[in-house]
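Working notes, structure below.
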Amino acid sequence: MYSPSPTTTKFSPKSFGVHKSVITSFNTLIGTDVLMAKPARKTIPSATELYVLDQSRYRCALCFRLNGNLNEKRGQIVHLDHDRANCVEDNLAFLCLDHHSQYDSRTSQHRNYTPQIIKKARAKLYQAIADGHHTSNSYPRSTVRETDRVMFSELVDMMNRSRTADFLRRTCFGSQSFHWRELDEIDNYLQCTNGAEHEFIDLDLETLRQRFIAEYDTFRSLLAENTRPTKHNPPYRTVPMEWEETDPKRYTTTVMMLRDAADKVCTAYDELVRTARERMAP
């Protein structure tokens, strides 16, 4: 019986001048892909693999980010963009078997396990490893909770002090005008807290915080695009009053759109507050 050697030359259907199905049938018959061999799947270079394992010490980035868990785990290196040919260090992270499976499935979308979230979790894990926290098996949970409590307190204090939530809940944006200064404090706060050091360690809280920020950014943009300075008091703005007569449909649609955008900001903020209080309860 024919037994192909490792050095057997590989041919394509074009080389033989025959139909692809004939080549496929022949390969099936002899039990090998001598004539239509596929290139081997690209593997992670040894040096890169060793770097990821050394940086993580076989600790799962998500286990640490979600639970402060720094126990050694059985796991695998995941390609964050799901492209196995992309083996650069920035595209790789060590995850336990459970989280690796979740990340590779559609569940990752439901749980907000995006590449950006994994990268942030990986960065915090690498820092914890560098600081030697893994030698005590777990990151102090009290430290995680206290850090997030401070962040949460600062956010709530800003919202209460600036009365931003009141402004978002009560303003109708139609006949009622507003001044940009009513949003100064939240604008300044978000600008000053736009960095990794201001993120929640708890992944769910950070996801909700990012949603709150995204909803506010959308609202802010819509407000700038769809309001104009009032005629008699230019520092104040409103949806153009003349639209109510010249284009009532546009006027009503715009007012409702702004009201809906403001409601979404409030909903995102309320969900963040409720979740944070539950997580931080004694």
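In the structure tokens, chains take letters A, B, ... by order of appearance, with residues numbered from 1 within each chain and ligands from 1 in the order shown.
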
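Of the residues in region 41-126 of chain A, those that DSSP places in strand (DSSP E or B) on the basis of the backbone are Asn69, Gly75, Gln76, Ile77, Val78, His79, Leu92, Ala93, Phe94, Leu95 and Cys96 of chain A.
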
What's around Lys124 (chain A) at 12 Å? Count only C-alpha atoms, leave out sequence neighbours fewer than 3 positions away in its own chain, and write the answer as JSON, numbers by chain.
{"A": [55, 56, 59, 60, 61, 62, 63, 64, 65, 66, 68, 70, 117, 118, 119, 120, 121, 127, 128, 129, 130, 131, 133, 139, 144, 196, 197, 199, 200, 201, 202, 203]}

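The protein and nucleic acid residues lying at most 12 Å from Met159 (chain A) are Phe152, Ser153, Glu154, Leu155, Val156, Asp157, Arg161, Ser162, Arg163, Thr164, Ala165, Asp166, Phe167, Leu168, Glu182, Leu183, Asp184, Glu185, Ile186, Asp187, Asn188, Tyr189, Leu190, Cys266, Tyr269, Asp270 and Val273 of chain A, with only C-alpha atoms considered and sequence neighbours fewer than 2 positions away removed.
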
Could you write out that same residue set with N, CA and C atoms as an mmCIF file, in the first residue's frame?
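Output (part.cif):
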data_model
loop_
_atom_site.group_PDB
_atom_site.id
_atom_site.type_symbol
_atom_site.label_atom_id
_atom_site.label_comp_id
_atom_site.auth_asym_id
_atom_site.auth_seq_id
_atom_site.Cartn_x
_atom_site.Cartn_y
_atom_site.Cartn_z
ATOM 1 N N PHE A 152 -17.231 55.746 43.400
ATOM 2 C CA PHE A 152 -18.689 55.882 43.363
ATOM 3 C C PHE A 152 -19.135 57.112 44.148
ATOM 4 N N SER A 153 -18.535 57.322 45.291
ATOM 5 C CA SER A 153 -18.891 58.467 46.130
ATOM 6 C C SER A 153 -18.611 59.785 45.416
ATOM 7 N N GLU A 154 -17.488 59.857 44.718
ATOM 8 C CA GLU A 154 -17.142 61.080 43.986
ATOM 9 C C GLU A 154 -18.153 61.366 42.879
ATOM 10 N N LEU A 155 -18.588 60.320 42.188
ATOM 11 C CA LEU A 155 -19.560 60.497 41.115
ATOM 12 C C LEU A 155 -20.903 60.981 41.655
ATOM 13 N N VAL A 156 -21.383 60.337 42.708
ATOM 14 C CA VAL A 156 -22.678 60.715 43.290
ATOM 15 C C VAL A 156 -22.623 62.126 43.863
ATOM 16 N N ASP A 157 -21.523 62.461 44.520
ATOM 17 C CA ASP A 157 -21.375 63.813 45.081
ATOM 18 C C ASP A 157 -21.441 64.863 43.978
ATOM 19 N N ARG A 161 -24.276 67.650 43.827
ATOM 20 C CA ARG A 161 -23.819 69.032 43.994
ATOM 21 C C ARG A 161 -24.183 69.888 42.777
ATOM 22 N N SER A 162 -24.029 69.332 41.608
ATOM 23 C CA SER A 162 -24.288 70.083 40.379
ATOM 24 C C SER A 162 -25.759 70.090 39.989
ATOM 25 N N ARG A 163 -26.536 69.223 40.627
ATOM 26 C CA ARG A 163 -27.957 69.073 40.312
ATOM 27 C C ARG A 163 -28.161 68.685 38.842
ATOM 28 N N THR A 164 -27.171 67.975 38.306
ATOM 29 C CA THR A 164 -27.262 67.535 36.912
ATOM 30 C C THR A 164 -28.446 66.603 36.696
ATOM 31 N N ALA A 165 -28.647 65.687 37.640
ATOM 32 C CA ALA A 165 -29.760 64.747 37.503
ATOM 33 C C ALA A 165 -31.094 65.489 37.472
ATOM 34 N N ASP A 166 -31.228 66.517 38.324
ATOM 35 C CA ASP A 166 -32.462 67.311 38.335
ATOM 36 C C ASP A 166 -32.669 68.002 36.990
ATOM 37 N N PHE A 167 -31.588 68.557 36.458
ATOM 38 C CA PHE A 167 -31.675 69.236 35.164
ATOM 39 C C PHE A 167 -32.131 68.264 34.073
ATOM 40 N N LEU A 168 -31.555 67.072 34.073
ATOM 41 C CA LEU A 168 -31.897 66.091 33.042
ATOM 42 C C LEU A 168 -33.332 65.594 33.182
ATOM 43 N N GLU A 182 -25.205 74.867 33.308
ATOM 44 C CA GLU A 182 -25.872 73.819 34.081
ATOM 45 C C GLU A 182 -25.217 72.456 33.862
ATOM 46 N N LEU A 183 -24.392 72.357 32.829
ATOM 47 C CA LEU A 183 -23.692 71.102 32.548
ATOM 48 C C LEU A 183 -22.183 71.227 32.756
ATOM 49 N N ASP A 184 -21.744 72.381 33.234
ATOM 50 C CA ASP A 184 -20.301 72.605 33.392
ATOM 51 C C ASP A 184 -19.656 71.581 34.319
ATOM 52 N N GLU A 185 -20.312 71.311 35.435
ATOM 53 C CA GLU A 185 -19.671 70.460 36.443
ATOM 54 C C GLU A 185 -19.524 69.016 35.971
ATOM 55 N N ILE A 186 -20.552 68.491 35.338
ATOM 56 C CA ILE A 186 -20.428 67.119 34.844
ATOM 57 C C ILE A 186 -19.432 67.048 33.690
ATOM 58 N N ASP A 187 -19.389 68.098 32.866
ATOM 59 C CA ASP A 187 -18.400 68.130 31.782
ATOM 60 C C ASP A 187 -16.983 68.115 32.346
ATOM 61 N N ASN A 188 -16.746 68.938 33.355
ATOM 62 C CA ASN A 188 -15.415 69.002 33.966
ATOM 63 C C ASN A 188 -15.060 67.685 34.656
ATOM 64 N N TYR A 189 -16.045 67.105 35.321
ATOM 65 C CA TYR A 189 -15.805 65.841 36.023
ATOM 66 C C TYR A 189 -15.407 64.741 35.042
ATOM 67 N N LEU A 190 -16.148 64.610 33.962
ATOM 68 C CA LEU A 190 -15.856 63.556 32.990
ATOM 69 C C LEU A 190 -14.516 63.791 32.304
ATOM 70 N N CYS A 266 -30.368 59.400 32.486
ATOM 71 C CA CYS A 266 -30.866 59.172 33.849
ATOM 72 C C CYS A 266 -31.020 57.686 34.146
ATOM 73 N N TYR A 269 -27.606 56.191 34.705
ATOM 74 C CA TYR A 269 -27.081 56.620 36.010
ATOM 75 C C TYR A 269 -27.781 55.872 37.139
ATOM 76 N N ASP A 270 -29.094 55.764 37.064
ATOM 77 C CA ASP A 270 -29.852 55.069 38.113
ATOM 78 C C ASP A 270 -29.431 53.605 38.223
ATOM 79 N N VAL A 273 -26.120 53.425 39.994
ATOM 80 C CA VAL A 273 -26.270 53.685 41.431
ATOM 81 C C VAL A 273 -26.833 52.457 42.149
#

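Going from CA of Ala47 (chain A) to CA of Ala123 (chain A) covers 19.4 Å.
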
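Closest approach to Asp260 (chain A) among A:Thr171, A:Asp90, A:Tyr51, A:Glu244 is made by A:Thr171 (distances from only C-alpha atoms).
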
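If you count only C-alpha atoms and ignore residues fewer than 3 places along the chain from region 98-100 of chain A, what sits within 7 Å of it is Gln76, Val78, Leu95, Tyr103 and Asp104 of chain A.
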
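Between Leu272 (chain A) and the residues A:Asp204, A:Glu89, A:Asp247, A:Asp81, the shortest atom-to-atom distance, using only C-alpha atoms, involves A:Asp204.
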
Write out as a PyMOL selection string all residues of region 37-196 of chain A that backbone DSSP assigns to alpha helix (DSSP H).
chain A and resi 46-56+61-67+97-104+107-110+115-130+141-162+164-170+184-192

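The two atoms in question, CA of Phe219 (chain A) and CA of His232 (chain A), are spaced 25.2 Å apart.
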
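In this comparison, which uses only C-alpha atoms, the residue of A:Ile77, A:Phe178, A:His198, A:Asn69 approaching Arg237 (chain A) most closely is A:Phe178.
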
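Proximity of A:Met158, A:Ala214, A:Ala224, A:Leu258 to Gly174 (chain A), computed with only C-alpha atoms, is greatest for A:Leu258.
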
To one decimal place, how far is CA of Gln176 (chain A) from CA of Thr238 (chain A) in Å?
6.8 Å

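Nearest residue to Trp180 (chain A), choosing from A:Thr230, A:Val52, A:Pro235, A:Glu215 and counting only C-alpha atoms: A:Pro235.
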